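See structure below.
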Amino acid sequence: MKKYWEIIKISFKGQIAWRFDVAMNILFTVTRILFAYILWGAIFGQRDTVAGFTFQTMLSYYIINSFLSQIEMSDGVSRELSRRIRGGTFSKYMVIPANVQGYFMAQSGGVTAFYLIFDLLATVIWILVFRIRFSFTTDVTMILAAAGMVLLGLVFMVQLNYFLGILAFKYQDINLFLMMKSNLVAFVTGTMIPLVLLPGTIVSAMRIFPFYYVAYLPSMLLIGKNGEEAIMGLLLLSAWILLFLAVNKIVYRCLRIRFDGVGI
Amino acid sequence: MNKSLRFIAVLLKMKLSHMMVFRISFFGGFFVDSSLFLLQLLMFNAIYSQVDSIGEWSKGQMLIFVGTFSLLNAINMTVYFFGVNGIPSKIKSGDFDHYLTKPINPLLRLTFENINLGSAPLVLFSIGIVIYGMSVQGGSASPAACLLYVIFILLMALLYYDMEVLIRTLPFFVISTDSIEQLECAMFDLCMKIPGVVFKGIFKLIFYFILPYGIMATIPAQIITESISPVGIIYAAIVVILFTVLALRFWKFGLRHYKSASS
């Protein structure tokens, strides 16, 4: 475990070198809130509630969801894997004395920990700037369930990006998959709209998949809604993580033999 | 003019033979962007299942707006995006030298050297959304409105191009424009999801004049649904003319400040 802890620490410190990127990342958290503020402002101009949300709870939902999406930084995992595999420099990860998936998990953990602090600060600033009466549950059980789910969600997203990244062993150019994944994930994690607005059958189908529990359900739990889904969500997300742990192990073992190293 | 057209035809031929090498990626742009706009349709469909209107816009108008934005994006992706997008890296690496030494306008070559026919089906996909939006809206557009819609689609595609060129001319003066390009992406993404009619106050000023992404799909959508005043149409035309003049002047100004990095 000590080596993974060191990777977390190095990744955390490494972010300090990219101060301007961090600042821009924080600044851009505002675009999602701005989107919600303008669009939902126009919708709520003519009514008090939509699908059980008031304007203030809707903005609170978007603020929490935006925060959770922003701290999920695992996109870099698939990009790094794809770049290394295509460029023939993936050998670096084959020779280090750590499990490759574990390495990327720890690396993402360090990056997320760094952004967590600054994104939290940005969230508070946006709440003040937009003068939002922030809705946040006082139920400790719901907060703990949401926190657990967020943690598991982050782990799952690293696994998903790792899976897509190692597909580069077979397909070389996986940019198409990655861009489509980004579009789909933004929708199915409730970043574009709260999933409760979708037809019931679609939402029921979404509950089987892990994305529902990555950012949408934790956001709903933190504004005091959908408490009855918390236990099931934690169990389902854990099951998906275990499944992907095995799938990634098998896929990596099968595909790594296709790799051609350069300069070794 | 004839020389330029022949030159564009040669560039297209070269690009096509290059694209055939990477066949899986050929329709990549189409798949990515069509999924993006399909999800946006789903988003607005979900919102309209709960409400009758957004601002003053009905579901039909919103579908036309999404289709129009998709159409502008399709023209952008097919014709000039991949060419214009490469300008900053060419300036930074010094590869821009090759463009200056050729007996052809460098901006013309950069604009059309990466025509991406793989995104062309997006045009048909977008027209399909607009037609569907018209059927949901009820009633039909007059031939004059349709003609004006086509003219303004072309004008707004030009405005879109102007905005891209303006931002990608900045590397002549500064080392990195990554954050400005990120800002462009964020603002574009915002205006893709929110029709201009919803903007009020400072946001209207920003997205109707300073960064006019807000008018790009809104004005043509208002034209085809015949819900815009002549003043609105004239205003949009003036913005396009202003930004085109500005983009071309800024580009020429940037060229004079180019410091080759390669030799």
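Ordering of the structure tokens sets the chain letters (A, B, ...), residue numbers begin anew at 1 in every chain, and ligands are numbered from 1 in the order given.
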Counting only C-alpha atoms, give me one row per residue of chain A with an atom at most 7 Å from an atom of chain B, showing the shortest contact pair and its distance in Å to one decimal, sorted by chain then residue number, as a tab-separated table.
```
residue	atom	partner	partner_atom	distance
A:Met24	CA	B:Ser179	CA	6.9
A:Thr31	CA	B:Ala186	CA	6.7
A:Phe35	CA	B:Leu190	CA	6.2
A:Ile38	CA	B:Phe199	CA	6.9
A:Leu39	CA	B:Ile194	CA	6.4
A:Ala42	CA	B:Gly55	CA	5.1
A:Ile43	CA	B:Ile54	CA	5.1
A:Val50	CA	B:Gln50	CA	6.5
A:Ala51	CA	B:Gln50	CA	6.8
A:Leu176	CA	B:Gly28	CA	5.8
A:Met179	CA	B:Val32	CA	6.3
A:Met180	CA	B:Val32	CA	5.3
A:Asn183	CA	B:Leu36	CA	5.9
A:Phe187	CA	B:Leu39	CA	6.9
A:Ile193	CA	B:Met43	CA	6.7
A:Leu197	CA	B:Ala46	CA	5.5
A:Leu198	CA	B:Ala46	CA	5.2
```
Selection above as a file: N, CA and C atoms, as a short mmCIF file (atom, residue, chain, number, x, y, z; two decimals), in the first residue's frame:
```
data_model
loop_
_atom_site.label_atom_id
_atom_site.label_comp_id
_atom_site.auth_asym_id
_atom_site.auth_seq_id
_atom_site.Cartn_x
_atom_site.Cartn_y
_atom_site.Cartn_z
N MET A 24 -8.05 27.71 -14.30
CA MET A 24 -9.03 27.69 -15.39
C MET A 24 -10.10 26.64 -15.12
N THR A 31 -19.54 27.59 -15.76
CA THR A 31 -20.35 27.51 -16.98
C THR A 31 -21.59 26.62 -16.77
N PHE A 35 -25.32 27.91 -17.01
CA PHE A 35 -26.31 27.25 -17.87
C PHE A 35 -27.61 27.01 -17.09
N ILE A 38 -29.46 30.39 -16.20
CA ILE A 38 -30.16 31.07 -17.30
C ILE A 38 -31.35 30.22 -17.79
N LEU A 39 -31.06 28.94 -18.11
CA LEU A 39 -32.12 28.10 -18.68
C LEU A 39 -33.27 27.88 -17.69
N ALA A 42 -35.40 30.89 -16.91
CA ALA A 42 -36.46 31.14 -17.90
C ALA A 42 -37.63 30.18 -17.69
N ILE A 43 -37.32 28.94 -17.36
CA ILE A 43 -38.40 27.95 -17.16
C ILE A 43 -39.20 28.27 -15.89
N VAL A 50 -40.98 22.36 -10.83
CA VAL A 50 -40.90 21.48 -12.00
C VAL A 50 -40.38 20.14 -11.50
N ALA A 51 -41.16 19.08 -11.72
CA ALA A 51 -40.79 17.71 -11.29
C ALA A 51 -40.33 17.67 -9.83
N LEU A 176 -12.28 8.22 -30.90
CA LEU A 176 -13.71 8.18 -31.23
C LEU A 176 -14.51 7.65 -30.02
N MET A 179 -14.50 10.30 -27.13
CA MET A 179 -15.37 11.46 -27.31
C MET A 179 -16.84 11.07 -27.14
N MET A 180 -17.19 9.90 -27.68
CA MET A 180 -18.58 9.46 -27.53
C MET A 180 -18.89 9.16 -26.06
N ASN A 183 -19.63 12.41 -24.19
CA ASN A 183 -20.99 12.89 -24.46
C ASN A 183 -22.01 12.10 -23.66
N PHE A 187 -24.55 12.93 -20.08
CA PHE A 187 -26.02 12.80 -20.02
C PHE A 187 -26.45 11.83 -18.92
N ILE A 193 -29.23 17.35 -17.32
CA ILE A 193 -30.50 17.59 -16.61
C ILE A 193 -30.66 16.53 -15.52
N LEU A 197 -36.35 13.90 -14.74
CA LEU A 197 -37.18 14.50 -15.79
C LEU A 197 -37.44 13.53 -16.94
N LEU A 198 -36.63 12.45 -17.00
CA LEU A 198 -36.79 11.48 -18.09
C LEU A 198 -37.97 10.55 -17.81
#
```
Give me the residues near Gln222 of chain B as a PyMOL selection string, where near means some atom within 12 Å (using only C-alpha atoms) and where sequence neighbours in that chain fewer than 5 positions away do not count.
chain B and resi 56-58+60-65+68+134+141+145-146+148-149+152-153+195-197+215-217+227-230+232-233+236
For Thr57 of chain A, please output as a PyMOL selection string all residues within 9 Å (counting only C-alpha atoms; exclusion window: fewer than 5 positions along the same chain).
chain A and resi 62+133-136+223
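Remark: for Arg258 of chain A, the closest of the candidate residues A:Gly165, A:Gly109, A:Gly88, A:Pro210 is A:Gly88 (distances computed over only C-alpha atoms).
Note that the spacing between atom CA of Phe82 of chain B and atom CA of Tyr213 of chain B amounts to 19.2 Å.
Distances from B:Trp251, B:Phe209, B:Phe7, B:Tyr160 to Met77 of chain B were compared using only C-alpha atoms, and the smallest one belongs to B:Tyr160.
Residues with any atom within 8 Å of Phe44 of chain A, counting only C-alpha atoms and excluding same-chain neighbours fewer than 5 positions away, are Thr49, Val50, Thr54 and Phe55 of chain A.
For the set B:Leu71, B:Met14, B:Val84, B:Ile175, the residue with the smallest atom-to-atom gap to Lys259 of chain B is B:Ile175, counting only C-alpha atoms.
Considering only C-alpha atoms, the residue among A:Glu80, A:Glu6, A:Asp173, A:Glu228 positioned nearest to Tyr93 of chain A is A:Glu80.
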Going by DSSP on the backbone, which bits of segment 218-263 of chain B are helix (DSSP H, G or I)? Write them as an mmCIF file with N, CA, C and O atoms, in the first residue's frame, please.
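Writing done, so here's part_30.cif:
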```cif
data_model
loop_
_atom_site.group_PDB
_atom_site.id
_atom_site.type_symbol
_atom_site.label_atom_id
_atom_site.label_comp_id
_atom_site.auth_asym_id
_atom_site.auth_seq_id
_atom_site.Cartn_x
_atom_site.Cartn_y
_atom_site.Cartn_z
ATOM 1 N N THR B 218 -30.057 31.088 -33.155
ATOM 2 C CA THR B 218 -31.323 31.713 -32.756
ATOM 3 C C THR B 218 -31.953 32.494 -33.915
ATOM 4 O O THR B 218 -33.155 32.343 -34.178
ATOM 5 N N ILE B 219 -31.138 33.311 -34.596
ATOM 6 C CA ILE B 219 -31.691 34.164 -35.668
ATOM 7 C C ILE B 219 -32.280 33.315 -36.809
ATOM 8 O O ILE B 219 -33.449 33.520 -37.174
ATOM 9 N N PRO B 220 -31.524 32.335 -37.359
ATOM 10 C CA PRO B 220 -32.142 31.512 -38.417
ATOM 11 C C PRO B 220 -33.414 30.793 -37.930
ATOM 12 O O PRO B 220 -34.383 30.705 -38.674
ATOM 13 N N ALA B 221 -33.383 30.308 -36.670
ATOM 14 C CA ALA B 221 -34.576 29.619 -36.133
ATOM 15 C C ALA B 221 -35.757 30.590 -36.058
ATOM 16 O O ALA B 221 -36.901 30.223 -36.348
ATOM 17 N N GLN B 222 -35.475 31.829 -35.684
ATOM 18 C CA GLN B 222 -36.549 32.837 -35.624
ATOM 19 C C GLN B 222 -37.034 33.190 -37.031
ATOM 20 O O GLN B 222 -38.215 33.462 -37.231
ATOM 21 N N ILE B 223 -36.117 33.175 -37.992
ATOM 22 C CA ILE B 223 -36.498 33.508 -39.379
ATOM 23 C C ILE B 223 -37.460 32.462 -39.932
ATOM 24 O O ILE B 223 -38.517 32.795 -40.468
ATOM 25 N N ILE B 224 -37.114 31.196 -39.745
ATOM 26 C CA ILE B 224 -37.962 30.150 -40.355
ATOM 27 C C ILE B 224 -39.314 30.011 -39.634
ATOM 28 O O ILE B 224 -40.290 29.567 -40.222
ATOM 29 N N PRO B 230 -37.764 42.817 -38.736
ATOM 30 C CA PRO B 230 -36.725 43.189 -39.726
ATOM 31 C C PRO B 230 -35.490 43.777 -39.055
ATOM 32 O O PRO B 230 -34.371 43.558 -39.519
ATOM 33 N N VAL B 231 -35.697 44.492 -37.938
ATOM 34 C CA VAL B 231 -34.548 45.080 -37.222
ATOM 35 C C VAL B 231 -33.598 43.972 -36.747
ATOM 36 O O VAL B 231 -32.369 44.088 -36.859
ATOM 37 N N GLY B 232 -34.173 42.900 -36.241
ATOM 38 C CA GLY B 232 -33.380 41.762 -35.761
ATOM 39 C C GLY B 232 -32.552 41.162 -36.883
ATOM 40 O O GLY B 232 -31.370 40.813 -36.695
ATOM 41 N N ILE B 233 -33.161 41.060 -38.055
ATOM 42 C CA ILE B 233 -32.454 40.487 -39.219
ATOM 43 C C ILE B 233 -31.300 41.407 -39.637
ATOM 44 O O ILE B 233 -30.179 40.939 -39.867
ATOM 45 N N ILE B 234 -31.595 42.706 -39.688
ATOM 46 C CA ILE B 234 -30.554 43.673 -40.096
ATOM 47 C C ILE B 234 -29.416 43.663 -39.070
ATOM 48 O O ILE B 234 -28.235 43.662 -39.427
ATOM 49 N N TYR B 235 -29.778 43.607 -37.794
ATOM 50 C CA TYR B 235 -28.767 43.582 -36.728
ATOM 51 C C TYR B 235 -27.820 42.378 -36.929
ATOM 52 O O TYR B 235 -26.597 42.521 -36.875
ATOM 53 N N ALA B 236 -28.417 41.207 -37.178
ATOM 54 C CA ALA B 236 -27.601 39.988 -37.340
ATOM 55 C C ALA B 236 -26.657 40.139 -38.533
ATOM 56 O O ALA B 236 -25.479 39.757 -38.447
ATOM 57 N N ALA B 237 -27.167 40.706 -39.636
ATOM 58 C CA ALA B 237 -26.329 40.881 -40.834
ATOM 59 C C ALA B 237 -25.167 41.827 -40.530
ATOM 60 O O ALA B 237 -24.023 41.581 -40.952
ATOM 61 N N ILE B 238 -25.456 42.892 -39.783
ATOM 62 C CA ILE B 238 -24.393 43.860 -39.433
ATOM 63 C C ILE B 238 -23.319 43.189 -38.570
ATOM 64 O O ILE B 238 -22.120 43.396 -38.784
ATOM 65 N N VAL B 239 -23.755 42.371 -37.607
ATOM 66 C CA VAL B 239 -22.784 41.671 -36.741
ATOM 67 C C VAL B 239 -21.862 40.793 -37.585
ATOM 68 O O VAL B 239 -20.640 40.777 -37.391
ATOM 69 N N VAL B 240 -22.441 40.086 -38.559
ATOM 70 C CA VAL B 240 -21.626 39.201 -39.414
ATOM 71 C C VAL B 240 -20.597 40.033 -40.198
ATOM 72 O O VAL B 240 -19.411 39.675 -40.239
ATOM 73 N N ILE B 241 -21.063 41.144 -40.773
ATOM 74 C CA ILE B 241 -20.141 41.998 -41.561
ATOM 75 C C ILE B 241 -19.016 42.526 -40.660
ATOM 76 O O ILE B 241 -17.830 42.430 -40.996
ATOM 77 N N LEU B 242 -19.394 43.019 -39.491
ATOM 78 C CA LEU B 242 -18.405 43.575 -38.546
ATOM 79 C C LEU B 242 -17.355 42.542 -38.164
ATOM 80 O O LEU B 242 -16.144 42.813 -38.205
ATOM 81 N N PHE B 243 -17.813 41.349 -37.809
ATOM 82 C CA PHE B 243 -16.874 40.318 -37.356
ATOM 83 C C PHE B 243 -16.017 39.786 -38.506
ATOM 84 O O PHE B 243 -14.865 39.415 -38.293
ATOM 85 N N THR B 244 -16.574 39.776 -39.720
ATOM 86 C CA THR B 244 -15.780 39.308 -40.862
ATOM 87 C C THR B 244 -14.642 40.304 -41.140
ATOM 88 O O THR B 244 -13.488 39.896 -41.326
ATOM 89 N N VAL B 245 -14.989 41.586 -41.138
ATOM 90 C CA VAL B 245 -13.964 42.619 -41.360
ATOM 91 C C VAL B 245 -12.909 42.534 -40.258
ATOM 92 O O VAL B 245 -11.698 42.532 -40.515
ATOM 93 N N LEU B 246 -13.385 42.416 -39.021
ATOM 94 C CA LEU B 246 -12.483 42.340 -37.871
ATOM 95 C C LEU B 246 -11.554 41.127 -37.971
ATOM 96 O O LEU B 246 -10.334 41.238 -37.762
ATOM 97 N N ALA B 247 -12.117 39.960 -38.317
ATOM 98 C CA ALA B 247 -11.315 38.730 -38.391
ATOM 99 C C ALA B 247 -10.226 38.855 -39.462
ATOM 100 O O ALA B 247 -9.067 38.495 -39.219
ATOM 101 N N LEU B 248 -10.605 39.382 -40.644
ATOM 102 C CA LEU B 248 -9.627 39.488 -41.736
ATOM 103 C C LEU B 248 -8.530 40.508 -41.416
ATOM 104 O O LEU B 248 -7.352 40.265 -41.684
ATOM 105 N N ARG B 249 -8.931 41.633 -40.813
ATOM 106 C CA ARG B 249 -7.944 42.655 -40.434
ATOM 107 C C ARG B 249 -6.990 42.117 -39.371
ATOM 108 O O ARG B 249 -5.791 42.340 -39.408
ATOM 109 N N PHE B 250 -7.577 41.418 -38.384
ATOM 110 C CA PHE B 250 -6.783 40.888 -37.278
ATOM 111 C C PHE B 250 -5.804 39.830 -37.798
ATOM 112 O O PHE B 250 -4.661 39.746 -37.357
ATOM 113 N N TRP B 251 -6.263 39.024 -38.736
ATOM 114 C CA TRP B 251 -5.409 38.005 -39.338
ATOM 115 C C TRP B 251 -4.205 38.665 -40.032
ATOM 116 O O TRP B 251 -3.060 38.238 -39.847
ATOM 117 N N LYS B 252 -4.475 39.708 -40.816
ATOM 118 C CA LYS B 252 -3.388 40.411 -41.526
ATOM 119 C C LYS B 252 -2.427 41.048 -40.528
ATOM 120 O O LYS B 252 -1.210 41.024 -40.708
ATOM 121 N N PHE B 253 -2.990 41.620 -39.482
ATOM 122 C CA PHE B 253 -2.189 42.228 -38.423
ATOM 123 C C PHE B 253 -1.311 41.157 -37.755
ATOM 124 O O PHE B 253 -0.124 41.369 -37.496
ATOM 125 N N GLY B 254 -1.890 40.010 -37.514
ATOM 126 C CA GLY B 254 -1.159 38.889 -36.904
ATOM 127 C C GLY B 254 -0.019 38.428 -37.799
ATOM 128 O O GLY B 254 1.091 38.169 -37.319
ATOM 129 N N LEU B 255 -0.290 38.339 -39.109
ATOM 130 C CA LEU B 255 0.750 37.898 -40.069
ATOM 131 C C LEU B 255 1.991 38.777 -39.989
ATOM 132 O O LEU B 255 3.119 38.292 -40.072
ATOM 133 N N ARG B 256 1.746 40.077 -39.788
ATOM 134 C CA ARG B 256 2.881 41.001 -39.720
ATOM 135 C C ARG B 256 3.715 40.772 -38.452
ATOM 136 O O ARG B 256 4.852 41.183 -38.374
#
```
Skip Thr112 of chain A itself and residues of its chain fewer than 5 positions away, then list as number ranges by chain all residues within 12 Å of it, counting only C-alpha atoms.
A: 8-9, 11-15, 22, 67-76, 104-107, 117-120, 150-151, 154-155, 158
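Atom pair atom CA of Tyr216 of chain A / atom CA of Ser238 of chain A: separated by 16.3 Å.
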Coordinates-based distance that separates atom CA of Pro194 of chain A from atom CA of Met149 of chain A (Å, one decimal):
17.2 Å
